[in-house]
file run.tsv (TSV, C-alpha atoms and all ligand atoms)
chain	number	residue	atom	x	y	z
A	1	MET	CA	75.97	129.28	78.48
A	2	GLU	CA	76.44	125.63	77.58
A	3	GLY	CA	78.69	122.87	78.88
A	4	ASP	CA	79.22	121.18	82.19
A	5	VAL	CA	80.78	122.83	85.20
A	6	VAL	CA	81.80	120.93	88.30
A	7	ILE	CA	82.27	122.97	91.46
A	8	ILE	CA	84.28	121.41	94.28
A	9	GLY	CA	82.96	122.84	97.55
A	10	ALA	CA	79.35	123.71	98.37
A	11	GLY	CA	79.96	126.58	100.76
A	12	LEU	CA	78.47	130.02	100.19
A	13	ILE	CA	80.99	130.78	97.44
A	14	GLY	CA	80.44	127.52	95.56
A	15	LEU	CA	76.66	127.67	95.96
A	16	ALA	CA	76.42	131.30	94.81
A	17	LEU	CA	78.60	130.53	91.80
A	18	ALA	CA	76.48	127.47	90.98
A	19	ARG	CA	73.35	129.62	91.16
A	20	GLU	CA	74.87	132.29	88.92
A	21	LEU	CA	76.10	129.78	86.32
A	22	ALA	CA	72.83	127.82	86.34
A	23	GLN	CA	70.87	131.05	85.90
A	24	ARG	CA	73.06	131.77	82.87
A	25	GLY	CA	72.14	128.37	81.42
A	26	ALA	CA	75.03	126.15	82.48
A	27	SER	CA	74.61	122.60	83.66
A	28	VAL	CA	76.30	122.54	87.08
A	29	ARG	CA	77.22	119.75	89.46
A	30	MET	CA	78.62	120.27	92.95
A	31	LEU	CA	80.91	117.93	94.86
A	32	GLU	CA	81.15	118.33	98.62
A	33	THR	CA	82.98	116.19	101.15
A	34	GLY	CA	80.95	117.57	104.06
A	35	GLU	CA	77.52	119.15	104.21
A	36	PRO	CA	76.65	122.13	101.99
A	37	GLY	CA	77.05	125.48	103.74
A	38	ARG	CA	78.37	123.90	106.94
A	39	ALA	CA	82.07	124.84	107.11
A	40	ALA	CA	83.27	128.47	107.28
A	41	SER	CA	79.97	129.48	105.67
A	42	TRP	CA	78.11	128.30	108.75
A	43	ALA	CA	80.72	129.36	111.31
A	44	ALA	CA	81.09	132.97	110.12
A	45	ALA	CA	79.57	136.01	111.78
A	46	GLY	CA	78.07	137.28	108.52
A	47	MET	CA	79.54	140.79	108.71
A	48	LEU	CA	79.42	142.86	105.53
A	49	ALA	CA	81.96	145.41	106.64
A	50	PRO	CA	84.68	146.56	104.24
A	51	SER	CA	85.31	149.80	106.16
A	52	SER	CA	85.37	148.30	109.65
A	53	GLU	CA	87.60	145.45	108.49
A	54	GLY	CA	90.22	148.07	107.51
A	55	LEU	CA	90.64	146.92	103.91
A	56	ASP	CA	92.62	148.80	101.28
A	57	GLY	CA	93.05	149.40	97.58
A	58	ALA	CA	91.40	147.36	94.86
A	59	PHE	CA	90.35	144.72	97.37
A	60	TYR	CA	88.44	147.35	99.38
A	61	GLU	CA	86.66	148.46	96.19
A	62	LEU	CA	85.79	144.85	95.36
A	63	CYS	CA	84.34	144.37	98.85
A	64	LEU	CA	82.33	147.62	98.62
A	65	ALA	CA	80.96	146.51	95.25
A	66	SER	CA	79.88	143.20	96.77
A	67	LEU	CA	78.25	144.97	99.72
A	68	GLU	CA	76.26	147.11	97.28
A	69	ARG	CA	74.92	143.95	95.66
A	70	TYR	CA	73.59	142.48	98.92
A	71	PRO	CA	70.10	144.04	99.12
A	72	ALA	CA	69.24	142.80	95.62
A	73	PHE	CA	70.92	139.44	96.29
A	74	ALA	CA	68.89	138.92	99.50
A	75	ALA	CA	65.68	140.03	97.79
A	76	ALA	CA	66.26	137.68	94.86
A	77	LEU	CA	66.87	134.74	97.20
A	78	LEU	CA	63.67	135.54	99.10
A	79	GLU	CA	61.79	135.60	95.81
A	80	GLU	CA	63.38	132.37	94.58
A	81	THR	CA	63.13	130.33	97.78
A	82	GLY	CA	60.83	132.08	100.28
A	83	LEU	CA	63.78	132.18	102.73
A	84	ASP	CA	64.71	135.46	104.40
A	85	VAL	CA	68.45	135.75	105.04
A	86	HIS	CA	67.93	138.47	107.69
A	87	LEU	CA	69.97	141.26	106.18
A	88	ARG	CA	70.38	143.84	108.97
A	89	ARG	CA	71.21	147.35	107.86
A	90	GLU	CA	71.50	149.24	111.16
A	91	GLY	CA	75.19	149.89	110.49
A	92	PHE	CA	78.43	149.26	112.37
A	93	ILE	CA	79.87	151.15	115.32
A	94	SER	CA	83.66	151.11	115.49
A	95	PRO	CA	84.84	152.45	118.87
A	96	ALA	CA	88.20	154.09	119.64
A	97	TYR	CA	89.73	153.96	123.10
A	98	ASP	CA	92.76	156.24	122.62
A	99	ASP	CA	94.27	158.79	120.23
A	100	ALA	CA	95.73	156.13	117.94
A	101	GLY	CA	92.34	154.41	117.69
A	102	LEU	CA	90.67	157.74	116.99
A	103	ALA	CA	93.14	158.53	114.19
A	104	PHE	CA	92.41	155.10	112.68
A	105	ILE	CA	88.62	155.45	112.69
A	106	GLU	CA	88.80	159.06	111.45
A	107	ARG	CA	90.87	157.91	108.47
A	108	ARG	CA	88.49	155.03	107.73
A	109	ALA	CA	85.52	157.41	108.00
A	110	ALA	CA	87.13	159.87	105.57
A	111	GLU	CA	87.85	157.06	103.08
A	112	ALA	CA	84.24	155.86	103.28
A	113	ARG	CA	82.89	159.41	102.78
A	114	GLU	CA	85.18	159.93	99.76
A	115	ARG	CA	83.32	156.97	98.20
A	116	GLY	CA	79.91	158.45	98.96
A	117	PHE	CA	79.06	156.40	102.07
A	118	HIS	CA	77.78	157.77	105.36
A	119	ALA	CA	80.30	157.58	108.18
A	120	ARG	CA	79.26	159.63	111.21
A	121	MET	CA	81.69	160.41	114.05
A	122	LEU	CA	80.12	159.93	117.50
A	123	THR	CA	81.09	161.37	120.87
A	124	MET	CA	81.14	159.11	123.91
A	125	ALA	CA	77.69	160.32	124.94
A	126	GLN	CA	76.25	159.68	121.47
A	127	THR	CA	77.82	156.22	121.36
A	128	LEU	CA	76.44	155.22	124.75
A	129	GLN	CA	73.06	156.60	123.85
A	130	LEU	CA	72.97	154.31	120.80
A	131	GLU	CA	74.38	151.29	122.65
A	132	PRO	CA	74.10	151.59	126.45
A	133	VAL	CA	75.83	148.23	127.13
A	134	LEU	CA	79.16	149.60	125.90
A	135	ALA	CA	82.05	150.69	128.11
A	136	PRO	CA	83.11	154.36	127.89
A	137	VAL	CA	84.86	155.16	124.60
A	138	HIS	CA	87.13	157.96	123.44
A	139	ALA	CA	84.90	158.34	120.36
A	140	ALA	CA	83.39	156.09	117.72
A	141	VAL	CA	82.31	156.05	114.09
A	142	LEU	CA	78.99	154.81	112.77
A	143	PHE	CA	79.41	153.25	109.32
A	144	GLU	CA	75.84	153.44	108.07
A	145	HIS	CA	76.51	151.49	104.87
A	146	GLU	CA	77.71	148.35	106.65
A	147	ALA	CA	75.37	145.44	107.29
A	148	SER	CA	75.20	141.85	108.44
A	149	VAL	CA	73.47	138.76	107.20
A	150	ASP	CA	72.56	135.50	108.92
A	151	ASN	CA	75.08	133.36	107.06
A	152	ARG	CA	73.46	130.09	108.18
A	153	ARG	CA	70.16	131.17	106.67
A	154	LEU	CA	72.06	132.36	103.59
A	155	GLY	CA	73.55	128.89	103.17
A	156	ARG	CA	70.10	127.30	103.36
A	157	ALA	CA	68.65	129.81	100.92
A	158	LEU	CA	71.45	129.33	98.39
A	159	ARG	CA	71.11	125.57	98.63
A	160	ALA	CA	67.36	125.81	98.02
A	161	ALA	CA	67.97	128.20	95.11
A	162	VAL	CA	70.47	125.94	93.34
A	163	GLU	CA	68.36	122.84	93.86
A	164	ARG	CA	65.42	124.66	92.34
A	165	LEU	CA	67.64	125.41	89.34
A	166	GLY	CA	68.41	121.70	88.89
A	167	VAL	CA	71.96	121.76	90.24
A	168	CYS	CA	72.95	118.31	91.53
A	169	ILE	CA	74.85	118.36	94.86
A	170	ASP	CA	76.82	115.21	95.74
A	171	GLU	CA	77.50	115.68	99.46
A	172	GLY	CA	79.28	113.66	102.11
A	173	LEU	CA	81.81	112.32	99.61
A	174	PRO	CA	84.67	110.56	101.43
A	175	TRP	CA	87.19	112.12	99.03
A	176	VAL	CA	87.58	113.99	95.74
A	177	ARG	CA	90.60	114.28	93.49
A	178	VAL	CA	91.08	116.55	90.48
A	179	ALA	CA	91.88	114.65	87.28
A	180	ALA	CA	94.10	116.73	85.01
A	181	THR	CA	97.10	116.59	82.73
A	182	HIS	CA	99.69	119.33	83.15
A	183	ARG	CA	97.79	121.28	80.50
A	184	ARG	CA	94.07	120.73	80.98
A	185	ILE	CA	91.38	119.51	83.31
A	186	ASN	CA	89.57	116.22	82.61
A	187	GLY	CA	87.17	116.04	85.52
A	188	VAL	CA	87.10	114.91	89.13
A	189	GLU	CA	87.59	111.47	90.61
A	190	THR	CA	85.42	110.80	93.62
A	191	ALA	CA	84.74	107.93	95.99
A	192	SER	CA	81.54	107.35	93.97
A	193	GLY	CA	83.21	107.35	90.55
A	194	PHE	CA	84.73	109.61	87.91
A	195	VAL	CA	82.91	112.83	86.99
A	196	PRO	CA	84.12	114.03	83.59
A	197	ALA	CA	84.01	117.82	83.13
A	198	PRO	CA	85.60	120.38	80.84
A	199	ILE	CA	85.41	122.98	83.60
A	200	VAL	CA	86.23	122.46	87.27
A	201	VAL	CA	86.11	125.19	89.92
A	202	ASN	CA	88.03	124.92	93.17
A	203	ALA	CA	85.74	126.51	95.76
A	204	ALA	CA	86.95	124.25	98.54
A	205	GLY	CA	87.52	127.00	101.11
A	206	ALA	CA	90.16	126.13	103.71
A	207	TRP	CA	90.78	122.84	101.85
A	208	ALA	CA	91.48	124.54	98.50
A	209	GLY	CA	95.25	124.39	98.95
A	210	SER	CA	95.29	120.69	99.77
A	211	LEU	CA	92.98	119.52	96.98
A	212	GLU	CA	94.55	116.38	95.53
A	213	GLY	CA	95.41	115.94	91.87
A	214	VAL	CA	95.97	119.63	91.09
A	215	PRO	CA	99.14	119.98	88.96
A	216	GLU	CA	101.98	121.84	90.64
A	217	GLN	CA	101.68	125.02	88.54
A	218	ALA	CA	97.99	125.41	89.46
A	219	ARG	CA	98.30	124.93	93.21
A	220	VAL	CA	97.56	127.86	95.52
A	221	PRO	CA	98.80	128.28	99.10
A	222	VAL	CA	95.50	128.30	100.99
A	223	GLU	CA	95.71	127.40	104.67
A	224	PRO	CA	93.09	127.20	107.42
A	225	VAL	CA	92.83	130.08	109.89
A	226	LYS	CA	90.71	128.97	112.80
A	227	GLY	CA	88.09	131.27	114.27
A	228	GLN	CA	86.44	130.45	117.58
A	229	MET	CA	83.12	132.13	118.26
A	230	LEU	CA	80.33	132.15	120.79
A	231	ALA	CA	76.77	133.38	121.11
A	232	LEU	CA	74.97	135.04	124.00
A	233	ALA	CA	71.19	135.15	124.38
A	234	MET	CA	70.13	138.77	124.24
A	235	PRO	CA	66.89	140.39	125.38
A	236	SER	CA	65.33	141.91	122.28
A	237	ASN	CA	67.29	144.81	120.83
A	238	LEU	CA	69.78	145.00	123.72
A	239	VAL	CA	72.43	145.58	121.01
A	240	ARG	CA	71.17	146.94	117.70
A	241	HIS	CA	74.33	147.81	115.75
A	242	THR	CA	77.24	145.53	115.09
A	243	ILE	CA	80.11	146.66	117.31
A	244	TYR	CA	83.47	146.22	115.63
A	245	ALA	CA	86.46	146.95	117.85
A	246	ARG	CA	90.00	146.94	116.49
A	247	HIS	CA	92.03	143.74	116.61
A	248	GLY	CA	89.13	141.66	115.32
A	249	THR	CA	86.73	141.67	118.26
A	250	TYR	CA	83.10	142.08	117.32
A	251	LEU	CA	79.53	141.73	118.58
A	252	VAL	CA	76.93	140.95	115.91
A	253	PRO	CA	73.23	141.04	116.81
A	254	ARG	CA	70.93	138.57	115.08
A	255	ASP	CA	67.21	138.83	114.47
A	256	ASP	CA	66.79	135.51	116.34
A	257	GLY	CA	67.95	137.10	119.62
A	258	ARG	CA	71.52	135.80	119.64
A	259	LEU	CA	74.50	138.10	119.96
A	260	ILE	CA	77.48	136.63	118.12
A	261	VAL	CA	80.89	137.29	119.68
A	262	GLY	CA	83.98	136.74	117.55
A	263	ALA	CA	86.60	135.76	116.87
A	264	THR	CA	89.99	134.23	117.35
A	265	GLY	CA	92.42	133.90	114.43
A	266	GLU	CA	94.67	130.88	114.86
A	267	ARG	CA	96.98	129.05	112.45
A	268	VAL	CA	96.66	125.57	113.96
A	269	GLY	CA	95.89	123.45	110.91
A	270	PHE	CA	92.52	121.75	110.58
A	271	ASP	CA	91.77	121.73	114.30
A	272	THR	CA	88.18	122.89	114.96
A	273	ARG	CA	88.03	122.34	118.71
A	274	VAL	CA	86.62	125.08	120.90
A	275	THR	CA	89.20	125.60	123.65
A	276	ALA	CA	89.02	126.99	127.17
A	277	ALA	CA	91.58	129.66	126.27
A	278	GLY	CA	89.65	130.61	123.14
A	279	VAL	CA	86.39	131.10	125.00
A	280	GLN	CA	88.17	132.97	127.80
A	281	ARG	CA	89.75	135.36	125.29
A	282	LEU	CA	86.43	136.04	123.55
A	283	LEU	CA	84.54	136.67	126.78
A	284	GLU	CA	87.28	138.88	128.23
A	285	ARG	CA	87.37	141.04	125.13
A	286	ALA	CA	83.57	141.17	124.79
A	287	LEU	CA	83.06	142.22	128.42
A	288	ARG	CA	85.83	144.81	128.19
A	289	ILE	CA	84.02	146.40	125.23
A	290	ALA	CA	80.53	145.88	126.62
A	291	PRO	CA	80.37	145.22	130.38
A	292	GLY	CA	76.58	145.38	130.11
A	293	LEU	CA	76.61	141.86	128.62
A	294	LYS	CA	77.91	140.16	131.77
A	295	ASP	CA	74.60	138.60	132.85
A	296	LEU	CA	73.63	137.18	129.46
A	297	ALA	CA	73.47	133.41	129.03
A	298	LEU	CA	76.20	131.78	126.95
A	299	VAL	CA	74.17	129.64	124.54
A	300	GLU	CA	76.58	128.37	121.89
A	301	THR	CA	80.28	128.00	121.10
A	302	TRP	CA	81.79	126.85	117.81
A	303	ALA	CA	84.83	127.15	115.59
A	304	GLY	CA	85.37	127.31	111.84
A	305	LEU	CA	88.25	127.47	109.38
A	306	ARG	CA	88.73	130.53	107.22
A	307	PRO	CA	90.58	129.99	103.94
A	308	GLY	CA	93.76	132.00	104.54
A	309	THR	CA	96.29	133.14	101.96
A	310	PRO	CA	99.78	134.61	102.44
A	311	ASP	CA	98.67	138.17	101.60
A	312	SER	CA	95.02	137.85	102.73
A	313	LEU	CA	93.73	138.29	99.16
A	314	PRO	CA	91.50	135.69	97.48
A	315	TYR	CA	92.35	133.57	94.47
A	316	LEU	CA	89.70	134.29	91.84
A	317	GLY	CA	89.69	133.41	88.17
A	318	ALA	CA	91.45	131.15	85.70
A	319	GLY	CA	93.70	128.62	87.36
A	320	ALA	CA	96.81	128.09	85.17
A	321	ILE	CA	95.58	124.97	83.34
A	322	GLU	CA	92.80	124.91	80.78
A	323	GLY	CA	89.37	124.41	82.30
A	324	TYR	CA	90.47	124.97	85.90
A	325	PHE	CA	89.16	127.97	87.87
A	326	LEU	CA	89.59	129.28	91.41
A	327	ALA	CA	87.09	130.86	93.79
A	328	THR	CA	88.76	130.61	97.14
A	329	GLY	CA	91.04	132.24	99.73
A	330	HIS	CA	88.49	134.76	100.99
A	331	LEU	CA	89.85	134.60	104.55
A	332	ARG	CA	87.78	137.07	106.66
A	333	ASN	CA	85.51	138.25	103.87
A	334	GLY	CA	83.88	135.21	102.29
A	335	VAL	CA	80.31	136.09	103.22
A	336	LEU	CA	80.79	139.68	102.10
A	337	LEU	CA	82.38	138.64	98.80
A	338	THR	CA	79.84	135.94	97.95
A	339	PRO	CA	77.73	137.91	95.41
A	340	ILE	CA	80.62	139.53	93.55
A	341	THR	CA	82.68	136.34	93.51
A	342	ALA	CA	79.82	134.50	91.83
A	343	GLU	CA	79.51	137.26	89.25
A	344	VAL	CA	83.16	137.77	88.35
A	345	VAL	CA	84.12	134.09	88.35
A	346	ALA	CA	81.09	133.24	86.20
A	347	ASP	CA	82.14	136.03	83.82
A	348	THR	CA	85.65	134.59	83.65
A	349	ILE	CA	84.36	131.07	83.00
A	350	GLU	CA	82.13	132.38	80.23
A	351	GLY	CA	85.09	134.22	78.69
A	352	ARG	CA	83.52	137.62	79.33
A	353	ALA	CA	85.72	140.40	80.69
A	354	PRO	CA	84.90	140.53	84.40
A	355	ARG	CA	84.46	143.85	86.19
A	356	VAL	CA	87.74	143.36	87.92
A	357	CYS	CA	91.00	142.07	86.56
A	358	LEU	CA	91.58	138.65	88.06
A	359	ASP	CA	94.92	136.97	87.88
A	360	PRO	CA	95.41	134.40	90.61
A	361	PHE	CA	99.06	133.96	89.73
A	362	SER	CA	100.10	137.60	89.74
A	363	PRO	CA	101.24	139.36	92.93
A	364	GLU	CA	98.62	142.04	92.20
A	365	ARG	CA	95.75	139.58	91.97
A	366	VAL	CA	92.75	141.85	92.34
A	367	ARG	CA	92.85	145.03	90.27
A	368	PRO	CA	92.03	147.74	89.26
A	369	ALA	CA	89.99	149.68	91.79
A	370	SER	CA	88.03	151.84	89.41
A	371	ASN	CA	86.29	149.13	87.39
A	372	VAL	CA	84.42	147.21	90.02
A	373	ALA	CA	81.73	149.46	91.42
A	374	SER	CA	79.55	149.74	88.30
B	401	LIG	N1	85.16	138.54	109.19
B	401	LIG	C1	85.42	138.29	110.54
B	401	LIG	C2	86.25	137.13	110.83
B	401	LIG	O1	86.67	136.41	109.94
B	401	LIG	O2	86.51	136.93	112.00
call {"tool": "encode", "arguments": {"input": "run.tsv", "output": "structure tokens"}}
result
Amino acid sequence: MEGDVVIIGAGLIGLALARELAQRGASVRMLETGEPGRAASWAAAGMLAPSSEGLDGAFYELCLASLERYPAFAAALLEETGLDVHLRREGFISPAYDDAGLAFIERRAAEARERGFHARMLTMAQTLQLEPVLAPVHAAVLFEHEASVDNRRLGRALRAAVERLGVCIDEGLPWVRVAATHRRINGVETASGFVPAPIVVNAAGAWAGSLEGVPEQARVPVEPVKGQMLALAMPSNLVRHTIYARHGTYLVPRDDGRLIVGATGERVGFDTRVTAAGVQRLLERALRIAPGLKDLALVETWAGLRPGTPDSLPYLGAGAIEGYFLATGHLRNGVLLTPITAEVVADTIEGRAPRVCLDPFSPERVRPASNVAS
């Protein structure tokens, strides 16, 4: 592929797309107002969990297809950069505490099995045998296909991979502004000068909706959804599976000995403060699920901004004016969707039919289900 592509935003999505395009022969430049891989990409828990997250329809299929790409994606990055992204494939345990919870996990298990994945129902005794720190449960499901990745390592690996491919990253820019007529893109104005480009991709994460200079008809309603998180220091293998309880509470073990506890979901603008109430809520929920964690040291707290959209679906594909493309709005599933986003958005930019029909300006933006898994 020939021609220049400018990607605004060097998070996981932007970096993976830059890598994909550069591998296909494009000349790519990235513009970043912060530090590459340091916003939501750094703050996330790194869960690769379409079944536990309770997703549906074509979006669920897209997420499953991306999950299936992860082992090869991680292996390729290791080969390209020497950096291991710590893909953990022990699976996810989703506990149920009452009949309604049981009905929910049984339905999710059946849906996973219909697609050929292993979802094993566990009794309370089996659950506690696998994870003795947990509180008593009604029952649980073990989603064996689900995994996690150390998203901070993934950011570093993707950065190293794109730099090796000759992608130029302009970081720490005080501001960027899209330069476009109402019909086509011309490039991007930045604090360091004008960058002409026939193709510009908005991969600006939580800032994608407030990117300046985008003509009205190409704007998308992306808004930050704050997630507060914390980490506990865990004796080795105290928790081996990711524990995903309903209502968005999860415990994610890392190879480095941290246990990530997440997350809040707050619509409070661009505020990234860690608050007393946020930490209290996380600890209360974590200790209710797993009282056996009560003596662990609290070693880190942080907050990040997910790119939220009105219907929780991403904006992927051609962006209503010539030369403008979108790769944003991934909300809770940006890490999971990183490999497939790179692939399908690169296909769209190249004018190839992507594996999934992408129409950011249609109410049914990600479709159809059947085409994405191949
Ligand atoms: N994917 C988990 C979260 O966004 O909290």
call {"tool": "atom_distance", "arguments": {"input": "run.tsv", "atom1": "atom CA of A:Thr33", "atom2": "atom CA of A:Val261"}}
result
28.2 Å
call {"tool": "closest_residue", "arguments": {"input": "run.tsv", "among": "A:Pro339, A:Gly351, A:Gly278, A:Gly155", "to": "A:Tyr70", "atoms": "all atoms listed in the file"}}
result
A:Pro339
call {"tool": "atom_distance", "arguments": {"input": "run.tsv", "atom1": "atom CA of A:Thr81", "atom2": "atom CA of A:Arg159"}}
result
9.3 Å
call {"tool": "atom_distance", "arguments": {"input": "run.tsv", "atom1": "atom CA of A:Asn186", "atom2": "atom CA of A:Ile7"}}
result
13.3 Å
call {"tool": "residues_around", "arguments": {"input": "run.tsv", "residues": "A:Pro253", "least_positions_apart": "4", "cutoff": "8 Å", "atoms": "all atoms listed in the file", "output": "list in words"}}
result
Val239, Arg240, His241, Thr242, Gly257, Arg258, Leu259 and Ile260 of chain A
call {"tool": "axis_aligned_box", "arguments": {"input": "run.tsv", "around": "ligand LIG 401 (chain B)", "padding_each_side": "8 Å", "output": "lines of an AutoDock Vina configuration file"}}
result
center_x = 85.9
center_y = 137.5
center_z = 110.6
size_x = 17.5
size_y = 18.1
size_z = 18.8
call {"tool": "residues_near_ligand", "arguments": {"input": "run.tsv", "ligand": "ligand LIG 401 (chain B)", "cutoff": "7 Å", "atoms": "all atoms listed in the file", "output": "list in words"}}
result
Ala44, Ala45, Met47, Gly227, Gly248, Gly262, Ala263, Thr264, Arg306, Leu331, Arg332 and Asn333 of chain A
